[in-house]
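Okay, structure first, notes after.
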Amino acid sequence: MKLKQNTLASHQNNTVVIGERVIPYTLRQSARARSVGFSIRADTGLVVTLPQRCAPHWLDKSFKQYAAWILKHYDRIQATAEKIPQRWPYGTTLPYLGTELPVELVVGKSSKVHFSELLGWQVESKSPSVTGAKRTLKQWYVKDAQRVLKERVDYWAECMQIDYNRVTVRAQKSRWGSCSEKKNISLNYVLIMAPLAALDYVVIHELTHCIELSHSRKFWAGVAQYCPDYRVHKKWLSTYGPYLGIPE
Ligand SMILES: [Zn+2]
């Protein structure tokens, strides 16, 4: 195993060779880190965190020490990625409530989105461009998610007999949802791309926070009452969730 490039100054285009594999990674420096740390996620790939003061040989040594762990998780993520279809604009479809539906760009008189749960999206504009269509589709998703997610929150709030204050749906970088002490629920619009059962799990999760703020045993028991398979949905979101959204 050898490092192709391990100068600390270069934080891009780093790769490490483990066995037969050439694995790209991103370097990050952390003031709090005491040793070299590794993390692998579908959206970020392999991230190597370095302490502020790090002797160059530490990195090489840590890579050797964690080689098996890196390979195992890298392969797991690669295997998941292979199961995901190539999505628009690299492929032809985008997900809607867990189903892949086709996206088509068409020339028209105005700029709007036609959608049906059978035929997918027709993005109409005077001169279609991928950049323009991305923006239009994202706006469409956010608006549709606001309608659907609000409906699901109301549905579950009634089932669970829980009062909430307000629900906001928007693009969030790293969270599925949150609930404040004032019972304001905030949800990530990309949930509209996930299967309904996973979306409902997040809604039930946030509504349960209206009566129990921490992730205590009581909290999970409350979630399980309305969503007995919550572990399955949690796992689905952590495995496939990073692939949801419209590619930048
Ligand atoms: Zn929570």
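Each chain of the structure tokens is named A, B, ... in the order shown, its residues numbered from 1; ligands are numbered from 1 in display order.
All residues, whether protein, DNA or RNA, that have an atom at most 9 Å from ligand 1 (counting only C-alpha atoms and all ligand atoms) are Gly177, Ser178, Cys179, Val202, His205, Glu206, Thr208, His209, Leu213, Ser214, His215 and Phe219 of chain A.
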Subject >> Within 12 Å of region 117-125 of chain A using only C-alpha atoms, minus same-chain residues under 2 positions, as a PyMOL selection string >> reply: chain A and resi 88+92-115+127-141
**OP:** Output as JSON, numbers by chain all residues of region 44-172 of chain A that backbone DSSP marks as helix (DSSP H, G or I).
**Re:** {"A": [56, 57, 58, 59, 60, 61, 62, 63, 64, 65, 66, 67, 68, 69, 70, 71, 72, 73, 74, 75, 76, 77, 78, 79, 80, 81, 82, 83, 130, 131, 132, 133, 134, 135, 136, 137, 138, 139, 140, 141, 142, 143, 144, 145, 146, 147, 148, 149, 150, 151, 152, 153, 154, 155, 156, 157, 158, 159, 160]}
Original post:
Of the candidates A:Thr239, A:Gln161, A:Thr26, A:Ser174, which one gets nearest to Ile84 (chain A) if we count only C-alpha atoms?
Top reply: A:Thr239
**OP:** Determine, counting only C-alpha atoms, which protein, DNA and RNA residues have an atom within 10 Å of an atom of region 32-35 of chain A; residues of the same chain fewer than 6 positions away are not included. Present the result as a PyMOL selection string.
**Re:** chain A and resi 49-54+58-59+62
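In this comparison, which uses only C-alpha atoms, the residue of A:Gln65, A:Ser216, A:Ser39, A:Ser238 approaching Ala198 (chain A) most closely is A:Ser238.
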